[in-house]
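What follows is a short report on a single structure.
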Amino acid sequence: MLRTLEAERQRVASELHDDVGRALATVGELLASLERPAEPIADDARPALAATLATIRGITESVARIVRDYHPAELVGQGLEETLRTHAQQFAQRHTLALDLRTMDVRGLLDREHELHLFRIAQEALANVARHARATHVAIRLRREHDGVVLVVRDNGVGLVRERTAGLGLVTMRERAELMRARLRIRALPSRGTEVRLTVPVAGERTDERRSASGSRRI
């Protein structure tokens, strides 16, 4: 199901980029050409033209963001850490949140599919902050910790509420964690807020687990 979902997201992102993105770029160019006419534009028309150009730029940026969120192609070229950092910074700016971001390079520790699952879990955790938490601050950690790669998303919002624990997003997060044989813990913090902690076994650890399981079956 998740592979089908990712394939559909990639298709939608491609169509948005190719069709909507190009159409917006064309409209933007046509409007910009009106600023360079042979005859000067009437003064009373300039504010409307400027506002329209600003709207087109805003829509173009929104479409680009949706394309990146739907299909994070940067995972292949830039890696998980840089992709997560970029997403977190843009998210915090968009929602006017203070951001405490500390990450490390984890290239080579996870395969590509597991990197995508981890990134999607981070996306959903942040989306829940925006939807439900009413937070002013969010902290994100990505690091190697003993036998795994650890992702932590922590906010100072209202804590665990029904909407955050019963939604489809949380179900999908748990399914992604299960596919990776990862540990996912979502808990209310003692003072205020919520913490999402994901620990994904590194490639070598997963191989050892499979070998151990295979040996147990033979016995």
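Just so we're on the same page: first chain in the structure tokens is A, next is B, and so on; residues restart at 1 for each chain, and ligands are numbered from 1 in the order they show up.
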
Point to revise | Contacts of stretch 73-84 of chain A within 10 Å, only C-alpha atoms, excl. fewer than 5 positions in-chain, as a ChimeraX atom specification | key: /A:10,67-68,89-90,101-108,110,112,115-116,118-120,122-123,140-143

Exercise for review: From a DSSP pass on the backbone, collect the residues of stretch 57-128 of chain A flagged as strand (DSSP E) and hand them back as a PyMOL selection string.
Suggested key: chain A and resi 98-103

Check your understanding: Do you know which residues are at most 7 Å from stretch 96-99 of chain A counting only C-alpha atoms, after dropping those on the same chain fewer than 3 positions away, and could you put them as a list in words?
Key -> Ala92, Gln93, Thr136, His137, Val138 and Ala139 of chain A

Create the file for the chosen residues now, containing C-alpha atoms and written as an mmCIF file, in the first residue's frame.
```
data_model
loop_
_atom_site.group_PDB
_atom_site.id
_atom_site.type_symbol
_atom_site.label_atom_id
_atom_site.label_comp_id
_atom_site.auth_asym_id
_atom_site.auth_seq_id
_atom_site.Cartn_x
_atom_site.Cartn_y
_atom_site.Cartn_z
ATOM 1 C CA ALA A 92 9.246 26.527 10.771
ATOM 2 C CA GLN A 93 9.303 29.647 8.630
ATOM 3 C CA THR A 136 5.594 28.042 19.396
ATOM 4 C CA HIS A 137 8.755 25.927 19.355
ATOM 5 C CA VAL A 138 9.800 22.675 17.716
ATOM 6 C CA ALA A 139 13.048 20.729 18.162
#
```

Exercise for review: Measuring atom to atom with only C-alpha atoms, identify which of A:Arg192, A:His146, A:Arg183, A:Arg197 is nearest to A:Ala125.
Suggested key: A:Arg197

Check your understanding: Pick the closest to A:Glu195 from A:Leu126, A:Ile41, A:Val20, A:Val171: which is it, counting only C-alpha atoms?
Key -> A:Leu126

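Using only C-alpha atoms, the contacts of stretch 53-57 of chain A at a cut-off of 12 Å, with sequence neighbours closer than 2 positions omitted, comprise Val20, Gly21, Arg22, Ala23, Leu24, Ala25, Thr26, Val27, Gly28, Glu29, Leu30, Leu31, Ala32, Ser33, Leu34, Glu35, Arg46, Pro47, Ala48, Leu49, Ala50, Ala51, Ile59, Thr60, Glu61, Ser62, Val63 and Ala64 of chain A.
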
Could those selected residues go to a file with N, CA and C atoms, as a PDB file, in the first residue's frame?
```pdb
ATOM      1  N   VAL A  20       1.205  22.280 -14.188  1.00  0.00           N
ATOM      2  CA  VAL A  20       0.846  23.493 -13.447  1.00  0.00           C
ATOM      3  C   VAL A  20       2.046  24.430 -13.330  1.00  0.00           C
ATOM      4  N   GLY A  21       3.209  23.883 -13.020  1.00  0.00           N
ATOM      5  CA  GLY A  21       4.397  24.716 -12.869  1.00  0.00           C
ATOM      6  C   GLY A  21       4.735  25.476 -14.135  1.00  0.00           C
ATOM      7  N   ARG A  22       4.696  24.790 -15.266  1.00  0.00           N
ATOM      8  CA  ARG A  22       5.003  25.458 -16.532  1.00  0.00           C
ATOM      9  C   ARG A  22       3.952  26.491 -16.890  1.00  0.00           C
ATOM     10  N   ALA A  23       2.681  26.174 -16.626  1.00  0.00           N
ATOM     11  CA  ALA A  23       1.610  27.133 -16.925  1.00  0.00           C
ATOM     12  C   ALA A  23       1.779  28.397 -16.092  1.00  0.00           C
ATOM     13  N   LEU A  24       2.095  28.244 -14.811  1.00  0.00           N
ATOM     14  CA  LEU A  24       2.304  29.411 -13.963  1.00  0.00           C
ATOM     15  C   LEU A  24       3.504  30.226 -14.425  1.00  0.00           C
ATOM     16  N   ALA A  25       4.554  29.539 -14.826  1.00  0.00           N
ATOM     17  CA  ALA A  25       5.734  30.254 -15.319  1.00  0.00           C
ATOM     18  C   ALA A  25       5.395  31.065 -16.562  1.00  0.00           C
ATOM     19  N   THR A  26       4.585  30.488 -17.450  1.00  0.00           N
ATOM     20  CA  THR A  26       4.187  31.198 -18.665  1.00  0.00           C
ATOM     21  C   THR A  26       3.359  32.435 -18.331  1.00  0.00           C
ATOM     22  N   VAL A  27       2.391  32.269 -17.423  1.00  0.00           N
ATOM     23  CA  VAL A  27       1.560  33.415 -17.023  1.00  0.00           C
ATOM     24  C   VAL A  27       2.428  34.503 -16.389  1.00  0.00           C
ATOM     25  N   GLY A  28       3.374  34.086 -15.552  1.00  0.00           N
ATOM     26  CA  GLY A  28       4.266  35.054 -14.925  1.00  0.00           C
ATOM     27  C   GLY A  28       5.074  35.828 -15.949  1.00  0.00           C
ATOM     28  N   GLU A  29       5.574  35.134 -16.957  1.00  0.00           N
ATOM     29  CA  GLU A  29       6.344  35.802 -18.004  1.00  0.00           C
ATOM     30  C   GLU A  29       5.483  36.772 -18.794  1.00  0.00           C
ATOM     31  N   LEU A  30       4.241  36.382 -19.093  1.00  0.00           N
ATOM     32  CA  LEU A  30       3.339  37.271 -19.830  1.00  0.00           C
ATOM     33  C   LEU A  30       3.027  38.532 -19.028  1.00  0.00           C
ATOM     34  N   LEU A  31       2.772  38.352 -17.726  1.00  0.00           N
ATOM     35  CA  LEU A  31       2.501  39.515 -16.885  1.00  0.00           C
ATOM     36  C   LEU A  31       3.729  40.412 -16.765  1.00  0.00           C
ATOM     37  N   ALA A  32       4.896  39.778 -16.625  1.00  0.00           N
ATOM     38  CA  ALA A  32       6.121  40.574 -16.529  1.00  0.00           C
ATOM     39  C   ALA A  32       6.358  41.377 -17.798  1.00  0.00           C
ATOM     40  N   SER A  33       5.968  40.820 -18.941  1.00  0.00           N
ATOM     41  CA  SER A  33       6.162  41.549 -20.201  1.00  0.00           C
ATOM     42  C   SER A  33       5.322  42.818 -20.261  1.00  0.00           C
ATOM     43  N   LEU A  34       4.225  42.833 -19.495  1.00  0.00           N
ATOM     44  CA  LEU A  34       3.392  44.035 -19.472  1.00  0.00           C
ATOM     45  C   LEU A  34       4.099  45.202 -18.781  1.00  0.00           C
ATOM     46  N   GLU A  35       5.120  44.879 -17.990  1.00  0.00           N
ATOM     47  CA  GLU A  35       5.872  45.949 -17.333  1.00  0.00           C
ATOM     48  C   GLU A  35       6.871  46.607 -18.274  1.00  0.00           C
ATOM     49  N   ARG A  46      -0.718  50.003 -12.267  1.00  0.00           N
ATOM     50  CA  ARG A  46       0.511  49.390 -11.752  1.00  0.00           C
ATOM     51  C   ARG A  46       0.298  48.598 -10.457  1.00  0.00           C
ATOM     52  N   PRO A  47      -0.466  49.119  -9.489  1.00  0.00           N
ATOM     53  CA  PRO A  47      -0.666  48.314  -8.270  1.00  0.00           C
ATOM     54  C   PRO A  47      -1.321  46.967  -8.537  1.00  0.00           C
ATOM     55  N   ALA A  48      -2.308  46.951  -9.423  1.00  0.00           N
ATOM     56  CA  ALA A  48      -2.983  45.682  -9.736  1.00  0.00           C
ATOM     57  C   ALA A  48      -2.021  44.717 -10.414  1.00  0.00           C
ATOM     58  N   LEU A  49      -1.166  45.234 -11.312  1.00  0.00           N
ATOM     59  CA  LEU A  49      -0.196  44.374 -11.991  1.00  0.00           C
ATOM     60  C   LEU A  49       0.821  43.831 -10.987  1.00  0.00           C
ATOM     61  N   ALA A  50       1.300  44.680 -10.103  1.00  0.00           N
ATOM     62  CA  ALA A  50       2.270  44.242  -9.101  1.00  0.00           C
ATOM     63  C   ALA A  50       1.662  43.196  -8.173  1.00  0.00           C
ATOM     64  N   ALA A  51       0.396  43.417  -7.764  1.00  0.00           N
ATOM     65  CA  ALA A  51      -0.272  42.454  -6.886  1.00  0.00           C
ATOM     66  C   ALA A  51      -0.469  41.116  -7.584  1.00  0.00           C
ATOM     67  N   ILE A  59       1.893  31.537  -5.677  1.00  0.00           N
ATOM     68  CA  ILE A  59       1.335  30.255  -6.125  1.00  0.00           C
ATOM     69  C   ILE A  59       2.447  29.340  -6.633  1.00  0.00           C
ATOM     70  N   THR A  60       3.389  29.925  -7.371  1.00  0.00           N
ATOM     71  CA  THR A  60       4.505  29.137  -7.896  1.00  0.00           C
ATOM     72  C   THR A  60       5.316  28.522  -6.762  1.00  0.00           C
ATOM     73  N   GLU A  61       5.584  29.307  -5.715  1.00  0.00           N
ATOM     74  CA  GLU A  61       6.322  28.788  -4.563  1.00  0.00           C
ATOM     75  C   GLU A  61       5.528  27.698  -3.848  1.00  0.00           C
ATOM     76  N   SER A  62       4.217  27.859  -3.745  1.00  0.00           N
ATOM     77  CA  SER A  62       3.388  26.845  -3.098  1.00  0.00           C
ATOM     78  C   SER A  62       3.394  25.541  -3.885  1.00  0.00           C
ATOM     79  N   VAL A  63       3.282  25.638  -5.205  1.00  0.00           N
ATOM     80  CA  VAL A  63       3.311  24.435  -6.045  1.00  0.00           C
ATOM     81  C   VAL A  63       4.664  23.735  -5.908  1.00  0.00           C
ATOM     82  N   ALA A  64       5.750  24.515  -5.906  1.00  0.00           N
ATOM     83  CA  ALA A  64       7.082  23.918  -5.756  1.00  0.00           C
ATOM     84  C   ALA A  64       7.212  23.199  -4.416  1.00  0.00           C
TER      85      ALA A  64
END
```

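Using only C-alpha atoms, the smallest distance between any of A:Ala88, A:Ile186, A:Val149, A:Val12 and A:Met173 comes from A:Ile186.
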
Point to revise | alpha helix (DSSP H) per DSSP on the backbone: members of stretch 10-203 of chain A, as a PyMOL selection string | key: chain A and resi 10-15+22-33+46-70+74-77+79-94+112-128+162-165+168-179+203

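You will find atom CA of A:Val200 at 23.1 Å from atom CA of A:Leu160.
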